[in-house]
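This is structure_26.cif (mmCIF, C-alpha atoms).
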data_protein
loop_
_atom_site.label_atom_id
_atom_site.label_comp_id
_atom_site.auth_asym_id
_atom_site.auth_seq_id
_atom_site.Cartn_x
_atom_site.Cartn_y
_atom_site.Cartn_z
CA MET A 1 0.00 0.00 0.00
CA THR A 2 1.31 3.41 -0.88
CA SER A 3 0.25 6.95 -0.18
CA LEU A 4 1.72 10.14 -1.59
CA GLY A 5 4.50 8.11 -3.17
CA GLY A 6 5.72 6.45 0.03
CA ALA A 7 4.85 3.49 2.20
CA GLU A 8 2.09 3.98 4.73
CA MET A 9 2.83 3.74 8.43
CA VAL A 10 0.19 1.01 8.79
CA ASP A 11 -0.54 -1.67 6.22
CA TRP A 12 -4.30 -1.55 6.62
CA ASN A 13 -5.01 -4.38 4.19
CA LEU A 14 -2.63 -6.61 6.13
CA ALA A 15 -4.40 -5.64 9.37
CA VAL A 16 -7.74 -6.79 7.92
CA ALA A 17 -6.24 -9.99 6.49
CA THR A 18 -4.52 -10.84 9.79
CA ALA A 19 -7.62 -10.21 11.90
CA THR A 20 -9.98 -12.18 9.67
CA ARG A 21 -7.51 -15.08 9.55
CA LEU A 22 -7.04 -15.21 13.33
CA VAL A 23 -10.54 -14.40 14.60
CA ARG A 24 -12.32 -17.35 16.14
CA PRO A 25 -15.31 -18.81 14.30
CA GLY A 26 -18.71 -17.87 15.62
CA PRO A 27 -21.33 -20.23 17.05
CA GLU A 28 -22.78 -22.89 14.79
CA VAL A 29 -26.08 -21.85 13.26
CA SER A 30 -27.95 -23.01 10.19
CA ARG A 31 -28.48 -20.68 7.27
CA ASP A 32 -32.15 -20.31 8.17
CA GLU A 33 -31.26 -19.53 11.79
CA ALA A 34 -28.74 -16.92 10.67
CA ARG A 35 -31.32 -15.22 8.44
CA ALA A 36 -33.83 -15.21 11.30
CA VAL A 37 -31.32 -13.63 13.71
CA VAL A 38 -30.42 -10.89 11.22
CA ALA A 39 -34.08 -10.11 10.52
CA GLU A 40 -34.94 -9.99 14.21
CA LEU A 41 -32.01 -7.69 15.05
CA ARG A 42 -33.12 -5.30 12.33
CA ARG A 43 -36.67 -5.28 13.71
CA HIS A 44 -35.46 -4.69 17.24
CA ALA A 45 -33.16 -1.88 16.13
CA LYS A 46 -36.14 -0.18 14.52
CA SER A 47 -38.47 -0.63 17.50
CA SER A 48 -35.74 0.47 19.93
CA GLU A 49 -35.63 3.89 18.34
CA GLU A 50 -39.07 4.88 19.62
CA HIS A 51 -38.54 3.25 23.04
CA VAL A 52 -35.28 5.13 23.61
CA ARG A 53 -36.50 8.49 22.37
CA SER A 54 -39.64 8.31 24.49
CA PHE A 55 -37.71 7.39 27.65
CA THR A 56 -34.86 9.88 27.21
CA ARG A 57 -37.00 12.71 25.80
CA MET A 58 -34.35 13.15 23.16
CA GLY A 59 -34.74 12.90 19.42
CA THR A 60 -35.21 16.26 17.78
CA GLU A 61 -33.10 15.09 14.84
CA ASP A 62 -33.73 12.33 12.32
CA THR A 63 -31.68 9.12 12.60
CA HIS A 64 -32.51 7.87 9.12
CA ASP A 65 -29.14 9.20 8.01
CA THR A 66 -27.52 6.54 10.21
CA PRO A 67 -27.70 3.03 8.74
CA VAL A 68 -28.08 -0.03 10.95
CA LEU A 69 -25.81 -2.86 9.78
CA VAL A 70 -25.95 -6.43 11.05
CA VAL A 71 -22.44 -7.82 10.49
CA ASP A 72 -20.31 -10.85 11.20
CA ARG A 73 -16.93 -10.68 12.93
CA ALA A 74 -15.03 -10.02 9.71
CA GLY A 75 -17.44 -7.20 8.88
CA TRP A 76 -16.81 -5.64 12.28
CA VAL A 77 -13.05 -5.82 11.63
CA ARG A 78 -13.35 -4.09 8.25
CA ALA A 79 -15.55 -1.36 9.69
CA ASN A 80 -13.15 -0.63 12.54
CA VAL A 81 -10.08 -0.60 10.32
CA ALA A 82 -11.82 2.01 8.16
CA GLY A 83 -12.60 4.04 11.29
CA PHE A 84 -9.05 3.77 12.66
CA ARG A 85 -7.65 4.82 9.32
CA GLU A 86 -9.81 7.94 9.29
CA VAL A 87 -9.15 9.03 12.88
CA LEU A 88 -5.42 8.30 12.87
CA LYS A 89 -4.69 9.91 9.50
CA PRO A 90 -3.26 13.20 10.90
CA LEU A 91 -0.99 11.40 13.38
CA LEU A 92 0.27 8.90 10.83
CA GLU A 93 1.06 11.68 8.37
CA LYS A 94 3.02 13.46 11.11
CA MET A 95 4.97 10.27 11.89
CA LYS A 96 5.56 9.60 8.21
CA ASP A 97 6.98 13.08 7.64
CA ARG A 98 9.33 12.69 10.60
CA ARG A 99 10.50 9.24 9.53
CA GLY A 100 10.81 10.15 5.87
CA SER A 101 13.29 12.92 6.63
CA GLY A 102 15.85 10.44 7.99
CA PRO A 103 18.09 7.97 6.16
CA GLY A 104 16.28 4.85 5.03
CA GLY A 105 12.92 6.36 5.95
CA ALA A 106 11.04 4.74 3.05
CA VAL A 107 12.39 1.29 3.85
CA LEU A 108 11.62 1.66 7.56
CA GLY A 109 8.14 2.87 6.70
CA ALA A 110 7.43 -0.16 4.53
CA VAL A 111 8.69 -2.65 7.10
CA GLY A 112 7.13 -0.82 10.03
CA GLY A 113 3.80 -0.59 8.23
CA LYS A 114 3.62 -4.35 7.85
CA VAL A 115 4.65 -4.99 11.45
CA THR A 116 2.05 -2.52 12.70
CA GLY A 117 -0.55 -4.00 10.37
CA VAL A 118 -0.01 -7.46 11.85
CA GLU A 119 -0.12 -6.11 15.41
CA LEU A 120 -3.34 -4.20 14.76
CA GLY A 121 -4.82 -7.29 13.13
CA MET A 122 -4.01 -9.41 16.18
CA LEU A 123 -5.64 -6.85 18.47
CA LEU A 124 -8.78 -6.69 16.33
CA SER A 125 -9.02 -10.48 16.15
CA PHE A 126 -9.19 -10.54 19.95
CA LEU A 127 -11.85 -7.82 20.15
CA ALA A 128 -13.93 -9.04 17.19
CA SER A 129 -15.36 -11.97 19.12
CA ARG A 130 -16.34 -9.82 22.13
CA VAL A 131 -18.15 -6.74 20.83
CA LEU A 132 -21.94 -7.10 20.67
CA GLY A 133 -22.70 -3.78 19.05
CA GLN A 134 -21.08 -0.45 18.30
CA TYR A 135 -22.05 3.02 17.17
CA GLU A 136 -19.28 4.11 14.81
CA THR A 137 -19.03 7.85 15.24
CA PHE A 138 -16.26 8.51 12.70
CA ALA A 139 -17.28 6.02 10.05
CA PRO A 140 -16.31 6.69 6.44
CA ALA A 141 -18.59 5.06 3.91
CA THR A 142 -17.24 2.10 1.93
CA ARG A 143 -18.77 -0.03 -0.79
CA GLU A 144 -19.51 -2.83 1.68
CA LEU A 145 -20.25 -0.67 4.72
CA PRO A 146 -22.40 2.40 4.06
CA ALA A 147 -22.42 5.28 6.52
CA GLY A 148 -24.57 8.30 7.01
CA ALA A 149 -24.01 11.29 4.80
CA ASN A 150 -22.65 14.38 6.55
CA GLY A 151 -20.82 12.33 9.16
CA GLY A 152 -23.90 10.46 10.33
CA GLY A 153 -21.96 7.37 11.35
CA ARG A 154 -23.41 3.86 11.42
CA LEU A 155 -24.72 1.39 13.95
CA LEU A 156 -23.20 -2.10 13.93
CA LEU A 157 -24.77 -5.20 15.49
CA VAL A 158 -22.42 -8.20 15.54
CA ALA A 159 -24.81 -11.13 15.11
CA PRO A 160 -22.52 -14.10 15.94
CA ASN A 161 -21.36 -12.48 19.18
CA ILE A 162 -24.92 -11.75 20.28
CA VAL A 163 -25.90 -15.37 19.63
CA HIS A 164 -22.80 -16.62 21.43
CA VAL A 165 -23.49 -14.56 24.58
CA GLU A 166 -27.21 -15.32 24.74
CA ARG A 167 -26.37 -19.03 24.62
CA GLU A 168 -23.57 -18.67 27.17
CA LEU A 169 -25.86 -16.84 29.60
CA ASP A 170 -28.78 -19.19 28.87
CA VAL A 171 -31.27 -16.33 28.58
CA ASP A 172 -34.26 -15.75 26.33
CA PRO A 173 -32.68 -14.95 22.93
CA HIS A 174 -35.47 -12.63 21.77
CA ASP A 175 -35.32 -10.59 24.97
CA PHE A 176 -31.52 -10.45 24.91
CA ARG A 177 -31.40 -9.22 21.31
CA LEU A 178 -33.82 -6.41 22.07
CA TRP A 179 -31.91 -5.54 25.24
CA VAL A 180 -28.65 -5.16 23.27
CA CYS A 181 -30.39 -3.06 20.62
CA LEU A 182 -31.71 -0.68 23.30
CA HIS A 183 -28.16 0.02 24.45
CA GLU A 184 -26.77 0.62 20.98
CA GLU A 185 -29.78 2.66 19.88
CA THR A 186 -29.16 4.97 22.83
CA HIS A 187 -25.72 5.76 21.40
CA ARG A 188 -27.25 6.51 18.02
CA THR A 189 -29.80 8.79 19.68
CA GLN A 190 -27.06 10.59 21.62
CA PHE A 191 -25.16 11.56 18.49
CA SER A 192 -28.14 12.20 16.22
CA SER A 193 -29.86 14.40 18.82
CA VAL A 194 -26.77 16.36 19.91
CA PRO A 195 -25.28 17.80 16.70
CA TRP A 196 -22.13 19.21 18.32
CA LEU A 197 -21.16 16.00 20.13
CA ARG A 198 -19.36 14.31 17.24
CA ASP A 199 -17.25 17.36 16.38
CA HIS A 200 -16.41 17.88 20.05
CA LEU A 201 -15.18 14.30 20.46
CA GLU A 202 -13.23 14.43 17.23
CA GLY A 203 -11.57 17.66 18.32
CA GLU A 204 -10.53 16.15 21.65
CA ILE A 205 -9.17 13.01 19.97
CA GLN A 206 -7.20 15.00 17.42
CA SER A 207 -5.81 17.22 20.19
CA PHE A 208 -4.73 14.09 22.05
CA LEU A 209 -3.07 12.64 18.96
CA GLY A 210 -1.48 16.00 18.14
CA GLU A 211 0.35 15.89 21.47
CA THR A 212 1.83 12.48 20.71
CA GLU A 213 5.61 12.40 20.75
CA VAL A 214 7.04 11.06 17.49
CA ASP A 215 10.70 11.52 18.37
CA PRO A 216 12.06 8.08 19.41
CA MET A 217 14.46 9.48 22.01
CA THR A 218 11.69 11.44 23.71
CA VAL A 219 9.47 8.36 23.78
CA LEU A 220 12.27 6.26 25.26
CA GLU A 221 12.89 8.88 27.95
CA ARG A 222 9.21 8.81 28.92
CA ILE A 223 9.26 5.02 29.09
CA ARG A 224 12.33 5.17 31.34
CA GLU A 225 10.62 7.65 33.66
CA ALA A 226 7.48 5.53 33.72
CA ALA A 227 9.46 2.40 34.55
CA GLN A 228 11.15 4.23 37.44
CA SER A 229 7.80 5.40 38.72
CA LEU A 230 6.26 1.93 38.58
CA ALA A 231 9.30 0.51 40.36
CA GLY A 232 9.00 3.04 43.16
CA GLY A 233 12.04 5.00 41.97
CA ARG A 234 10.44 8.38 41.30
CA PRO A 235 12.53 11.36 42.32
CA GLU A 236 12.06 12.60 45.87
CA GLY A 237 9.31 15.16 46.20
CA GLU A 238 7.28 14.01 43.19
CA ASP A 239 3.61 13.27 43.80
CA ASP A 240 2.40 9.71 43.75
CA ASP A 241 0.92 8.68 40.42
CA GLY A 242 -2.35 7.54 41.96
CA GLY A 243 -2.28 4.06 40.44
CA ARG A 244 -2.11 5.20 36.82
CA SER A 245 -1.43 2.57 34.20
CA PHE A 246 1.81 2.29 32.23
CA VAL A 247 0.11 3.78 29.17
CA GLU A 248 -1.01 6.81 31.19
CA LEU A 249 2.45 7.28 32.63
CA VAL A 250 4.12 7.64 29.21
CA GLN A 251 1.65 10.33 28.14
CA THR A 252 2.45 14.02 28.19
CA PRO A 253 0.76 16.19 30.86
CA ALA A 254 -1.43 17.73 28.15
CA GLN A 255 -2.53 14.29 27.00
CA ARG A 256 -3.48 13.33 30.55
CA ASP A 257 -5.73 16.39 30.78
CA ILE A 258 -7.37 15.57 27.45
CA LEU A 259 -7.75 11.91 28.42
CA ALA A 260 -9.47 12.93 31.67
CA ARG A 261 -12.05 14.87 29.64
CA LEU A 262 -12.49 12.02 27.17
CA THR A 263 -12.89 9.53 29.99
CA ALA A 264 -15.63 11.67 31.51
CA VAL A 265 -17.49 11.91 28.20
CA MET A 266 -17.20 8.19 27.50
CA SER A 267 -18.37 7.39 31.05
CA LEU A 268 -21.39 9.61 30.46
CA LEU A 269 -22.24 8.02 27.11
CA GLU A 270 -21.80 4.43 28.26
CA GLY A 271 -23.49 4.99 31.61
CA HIS A 272 -26.42 6.75 29.94
CA ALA A 273 -26.85 3.81 27.55
CA ASP A 274 -26.84 1.34 30.44
CA TYR A 275 -29.32 3.46 32.40
CA VAL A 276 -31.68 3.74 29.43
CA MET A 277 -31.35 0.04 28.62
CA ASP A 278 -32.44 -0.87 32.15
CA GLY A 279 -35.05 1.88 32.35
CA VAL A 280 -36.83 0.85 29.17
CA GLY A 281 -36.26 -2.84 29.80
CA PRO A 282 -39.03 -3.67 32.31
CA ASP A 283 -41.74 -2.46 29.91
CA VAL A 284 -40.51 -4.24 26.77
CA VAL A 285 -38.06 -6.97 27.88
CA PRO A 286 -39.86 -9.40 30.23
CA SER A 287 -36.69 -11.13 31.47
CA VAL A 288 -34.58 -7.97 31.83
CA THR A 289 -33.73 -8.60 35.51
CA GLU A 290 -32.30 -12.05 34.79
CA ILE A 291 -30.41 -10.78 31.74
CA ARG A 292 -28.92 -7.84 33.62
CA GLU A 293 -27.74 -9.94 36.56
CA LYS A 294 -26.13 -12.60 34.38
CA PHE A 295 -24.55 -10.07 32.04
CA LYS A 296 -23.14 -8.02 34.89
CA GLU A 297 -21.59 -11.14 36.41
CA ARG A 298 -20.07 -12.03 33.02
CA ARG A 299 -18.56 -8.54 32.66
CA GLN A 300 -16.94 -8.73 36.06
CA ARG A 301 -15.45 -12.19 35.97
CA GLY A 302 -14.00 -12.30 32.44
CA ALA A 303 -13.65 -15.54 30.52
CA SER A 304 -10.23 -16.67 31.74
CA ARG A 305 -6.96 -15.52 33.27
CA LEU A 306 -5.62 -14.77 29.80
CA ASP A 307 -8.75 -12.80 28.98
CA GLN A 308 -8.44 -10.82 32.21
CA ALA A 309 -4.78 -10.05 31.49
CA LEU A 310 -5.55 -8.86 27.96
CA ARG A 311 -8.47 -6.77 29.19
CA LYS A 312 -6.19 -5.01 31.66
CA LEU A 313 -3.45 -4.51 29.06
CA LEU A 314 -5.87 -3.07 26.49
CA GLY A 315 -7.66 -0.86 28.99
CA LEU A 316 -10.93 -2.79 28.83
CA ASP A 317 -11.13 -2.84 32.63
CA ALA A 318 -11.27 0.95 32.47
CA LYS A 319 -14.19 0.64 30.05
CA LEU A 320 -16.04 -1.54 32.56
CA ARG A 321 -15.55 1.18 35.17
CA GLN A 322 -16.97 3.68 32.68
CA TYR A 323 -20.20 1.67 32.48
CA ARG A 324 -20.47 1.47 36.26
CA ASP A 325 -19.43 5.02 37.16
CA GLY A 326 -21.35 6.61 34.31
CA GLU A 327 -24.56 4.73 35.10
CA ARG A 328 -24.26 5.77 38.75
CA PHE A 329 -23.82 9.42 37.68
CA VAL A 330 -26.86 9.37 35.38
CA ARG A 331 -29.06 7.65 37.97
CA ALA A 332 -28.09 10.11 40.72
CA VAL A 333 -28.69 13.17 38.53
CA VAL A 334 -32.07 11.93 37.24
CA GLU A 335 -33.18 11.20 40.81
CA GLU A 336 -32.16 14.70 41.84
CA VAL A 337 -33.43 16.86 38.93
CA GLY A 338 -35.45 14.55 36.69
CA MET A 339 -34.83 13.51 33.08
CA ASP A 340 -35.27 17.02 31.69
CA GLY A 341 -32.82 18.30 34.27
CA PHE A 342 -30.33 15.62 33.34
CA ASN A 343 -30.70 16.48 29.65
CA ARG A 344 -29.04 19.82 30.29
CA VAL A 345 -25.86 17.77 30.00
CA TRP A 346 -26.34 17.90 26.21
CA THR A 347 -26.53 21.71 26.04
CA SER A 348 -22.88 22.34 25.14
CA PRO A 349 -19.37 21.04 25.85
CA ASN A 350 -19.37 23.28 28.95
CA THR A 351 -22.23 21.30 30.50
CA LEU A 352 -20.55 17.93 30.10
CA PRO A 353 -19.43 16.47 33.43
CA THR A 354 -15.79 16.48 34.37
CA LYS A 355 -14.06 13.31 35.50
CA ALA A 356 -14.38 14.49 39.11
CA GLU A 357 -18.09 15.24 38.65
CA ILE A 358 -18.72 11.75 37.31
CA ALA A 359 -17.65 10.54 40.75
CA LYS A 360 -19.60 13.32 42.52
CA PRO A 361 -22.86 13.95 40.62
CA ALA A 362 -24.01 16.53 43.16
CA ASP A 363 -21.14 18.77 42.08
CA TRP A 364 -22.36 18.69 38.46
CA VAL A 365 -25.92 19.49 39.57
CA ALA A 366 -24.65 22.39 41.64
CA ARG A 367 -22.51 23.77 38.82
CA VAL A 368 -24.93 23.41 35.92
CA HIS A 369 -28.31 23.95 37.58
CA ARG A 370 -27.45 26.68 40.04
CA LYS A 371 -25.60 28.60 37.35
CA ALA A 372 -28.49 28.23 34.91
CA ASP A 373 -31.09 29.06 37.52
#

Represent the structure from my file as structure tokens, please.
Amino acid sequence: MTSLGGAEMVDWNLAVATATRLVRPGPEVSRDEARAVVAELRRHAKSSEEHVRSFTRMGTEDTHDTPVLVVDRAGWVRANVAGFREVLKPLLEKMKDRRGSGPGGAVLGAVGGKVTGVELGMLLSFLASRVLGQYETFAPATRELPAGANGGGRLLLVAPNIVHVERELDVDPHDFRLWVCLHEETHRTQFSSVPWLRDHLEGEIQSFLGETEVDPMTVLERIREAAQSLAGGRPEGEDDDGGRSFVELVQTPAQRDILARLTAVMSLLEGHADYVMDGVGPDVVPSVTEIREKFKERRQRGASRLDQALRKLLGLDAKLRQYRDGERFVRAVVEEVGMDGFNRVWTSPNTLPTKAEIAKPADWVARVHRKAD
């Protein structure tokens, strides 16, 4: 793969090929069963739209610009590679320019692109069997995977993973499929009803990537400092790192600030989806209590020691905390000021909760409601 006359920093085609070759096969289903699952997921996605909008009192915009795609694991891989390629484009161009200015830059770029492509493919093969659904915010349209015009994104439902989990949990498959669709439809409603949200997130992500160090010596120095910190060898007088992960320790101070804001937003979005899923559930999903209890237990325990180690390495444990902390924030705010009061969170970037406010919802209520009142 080439771009602008030189090798790309990531061989995206190789990433897709590696992931689709390594990803585990899905559960065994007949062709008729597969067709029935796809049809039912599409119906549930459609019915979820009205349930979510009625419960959240959101939905001033039309979601028809956002396609709902029922995909297999390979389809999920292709969609995410396209999304990664779009989001990471500015950073990769920056790295390519830096590398290309040195001796042997083109050769290093070609070799490095293939290595990175394989590594990305291995990561995606691990995740492809675990994701049930996903709202792709920064989804470029492809021939196989359409996306909304004007940056409308797309909603993915990964059929084999949904079937696998409903069998593993031994729950009613029809109820479980609707329950999953309620969560993912909430994400689609968030972005379709809050026009500024996508641009705000993209701006934060690009700011984070723009702060990334591309000089190898600087990166090595940060790794050395992080290793000292983790080993208890930080210089005297420095503050404790508060249990930050290795990845957080090698970030710049500016990146940590941006990541704190991103973490707060993602906690809000994920927690809101969980809250809505459970709030709508009792009226439309008869076995919602059983599903929720079994699914929560599955989230917490992980599948194996290897799975737990990979989740920690990839930051998936942090994502689980986002579900929990965000749902607690939403519930506390709604109990205090009602759904309309909570919906002030979507007014502007200034009304989004901070990371500290996610942990202390009363502080957000005091800041946003007292100021507005």

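When all atoms listed in the file are used to compute distances to A:Leu124, the closest of the residues A:Ala36, A:Val180, A:Leu22, A:Val365 turns out to be A:Leu22.
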
Q: Find the residue from A:Tyr275, A:Trp196, A:Phe176, A:Phe329 that sits nearest to A:Ile291; use all atoms listed in the file when measuring.
A: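 Closest residue, counting all atoms listed in the file: A:Phe176.
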
Q | Nearest to A:Lys94, chosen from A:Gln251, A:Gln190, A:Thr354, A:Thr212, with only C-alpha atoms counted in the distances | A |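 Under the stated criterion, the closest residue is A:Thr212.
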
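Put simply, atom CA of A:Leu259 is 10.6 Å away from atom CA of A:Leu209.
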
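You will find atom CA of A:His164 at 27.4 Å from atom CA of A:Phe138.
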
Q. Smallest atom-to-atom distance to A:Ala362: which of A:Ala17, A:Leu201, A:Ala332, A:Met9, using all atoms listed in the file?
A.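 For A:Ala362, the nearest of the given residues is A:Ala332.
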
Q: Mind giving me the straight-line distance from atom CA of A:Ser129 to atom CA of A:Asp274 in Å, one decimal?
A: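 About the pair atom CA of A:Ser129 and atom CA of A:Asp274: they are 20.9 Å apart.
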
**Q.** Residue IDs satisfying the PyMOL selection byres ((chain A and resi 277) around 12), as a VMD selection string
**A.** chain A and resid 48 to 49 51 to 53 55 to 56 175 to 187 270 to 276 278 to 285 288 to 289 291 to 292 323 327

Output file for the selection above: C-alpha atoms, as an mmCIF file, keeping the file's coordinate frame:
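What ended up in out.cif:
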data_model
loop_
_atom_site.group_PDB
_atom_site.id
_atom_site.type_symbol
_atom_site.label_atom_id
_atom_site.label_comp_id
_atom_site.auth_asym_id
_atom_site.auth_seq_id
_atom_site.Cartn_x
_atom_site.Cartn_y
_atom_site.Cartn_z
ATOM 1 C CA SER A 48 -35.740 0.470 19.930
ATOM 2 C CA GLU A 49 -35.630 3.890 18.340
ATOM 3 C CA HIS A 51 -38.540 3.250 23.040
ATOM 4 C CA VAL A 52 -35.280 5.130 23.610
ATOM 5 C CA ARG A 53 -36.500 8.490 22.370
ATOM 6 C CA PHE A 55 -37.710 7.390 27.650
ATOM 7 C CA THR A 56 -34.860 9.880 27.210
ATOM 8 C CA ASP A 175 -35.320 -10.590 24.970
ATOM 9 C CA PHE A 176 -31.520 -10.450 24.910
ATOM 10 C CA ARG A 177 -31.400 -9.220 21.310
ATOM 11 C CA LEU A 178 -33.820 -6.410 22.070
ATOM 12 C CA TRP A 179 -31.910 -5.540 25.240
ATOM 13 C CA VAL A 180 -28.650 -5.160 23.270
ATOM 14 C CA CYS A 181 -30.390 -3.060 20.620
ATOM 15 C CA LEU A 182 -31.710 -0.680 23.300
ATOM 16 C CA HIS A 183 -28.160 0.020 24.450
ATOM 17 C CA GLU A 184 -26.770 0.620 20.980
ATOM 18 C CA GLU A 185 -29.780 2.660 19.880
ATOM 19 C CA THR A 186 -29.160 4.970 22.830
ATOM 20 C CA HIS A 187 -25.720 5.760 21.400
ATOM 21 C CA GLU A 270 -21.800 4.430 28.260
ATOM 22 C CA GLY A 271 -23.490 4.990 31.610
ATOM 23 C CA HIS A 272 -26.420 6.750 29.940
ATOM 24 C CA ALA A 273 -26.850 3.810 27.550
ATOM 25 C CA ASP A 274 -26.840 1.340 30.440
ATOM 26 C CA TYR A 275 -29.320 3.460 32.400
ATOM 27 C CA VAL A 276 -31.680 3.740 29.430
ATOM 28 C CA ASP A 278 -32.440 -0.870 32.150
ATOM 29 C CA GLY A 279 -35.050 1.880 32.350
ATOM 30 C CA VAL A 280 -36.830 0.850 29.170
ATOM 31 C CA GLY A 281 -36.260 -2.840 29.800
ATOM 32 C CA PRO A 282 -39.030 -3.670 32.310
ATOM 33 C CA ASP A 283 -41.740 -2.460 29.910
ATOM 34 C CA VAL A 284 -40.510 -4.240 26.770
ATOM 35 C CA VAL A 285 -38.060 -6.970 27.880
ATOM 36 C CA VAL A 288 -34.580 -7.970 31.830
ATOM 37 C CA THR A 289 -33.730 -8.600 35.510
ATOM 38 C CA ILE A 291 -30.410 -10.780 31.740
ATOM 39 C CA ARG A 292 -28.920 -7.840 33.620
ATOM 40 C CA TYR A 323 -20.200 1.670 32.480
ATOM 41 C CA GLU A 327 -24.560 4.730 35.100
#

Test item: residues at most 6 Å from A:Phe208, only C-alpha atoms, excluding those fewer than 3 positions along its chain, as a PDB file with C-alpha atoms, in the frame of the given file:
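And here's result-v1.pdb as it stands now:
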ATOM      1  CA  ILE A 205      -9.170  13.010  19.970  1.00  0.00           C
ATOM      2  CA  GLU A 211       0.350  15.890  21.470  1.00  0.00           C
ATOM      3  CA  GLN A 255      -2.530  14.290  27.000  1.00  0.00           C
TER       4      GLN A 255
END

Q: Can you give me, as a list in words, the residues this file yields under the PyMOL selection byres ((chain A and resi 169) around 12)?
A: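 So the PyMOL selection byres ((chain A and resi 169) around 12), applied here, picks out Ile162, Val163, His164, Val165, Glu166, Arg167, Glu168, Asp170, Val171, Asp172, Pro173, Phe176, Glu290, Ile291, Arg292, Glu293, Lys294, Phe295, Lys296, Glu297, Arg298 and Arg299 of chain A.
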
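For the choices A:Lys46, A:Lys114, A:Arg130, A:Lys89, the atom-to-atom distance to A:Val23 is smallest for A:Arg130 when using all atoms listed in the file.
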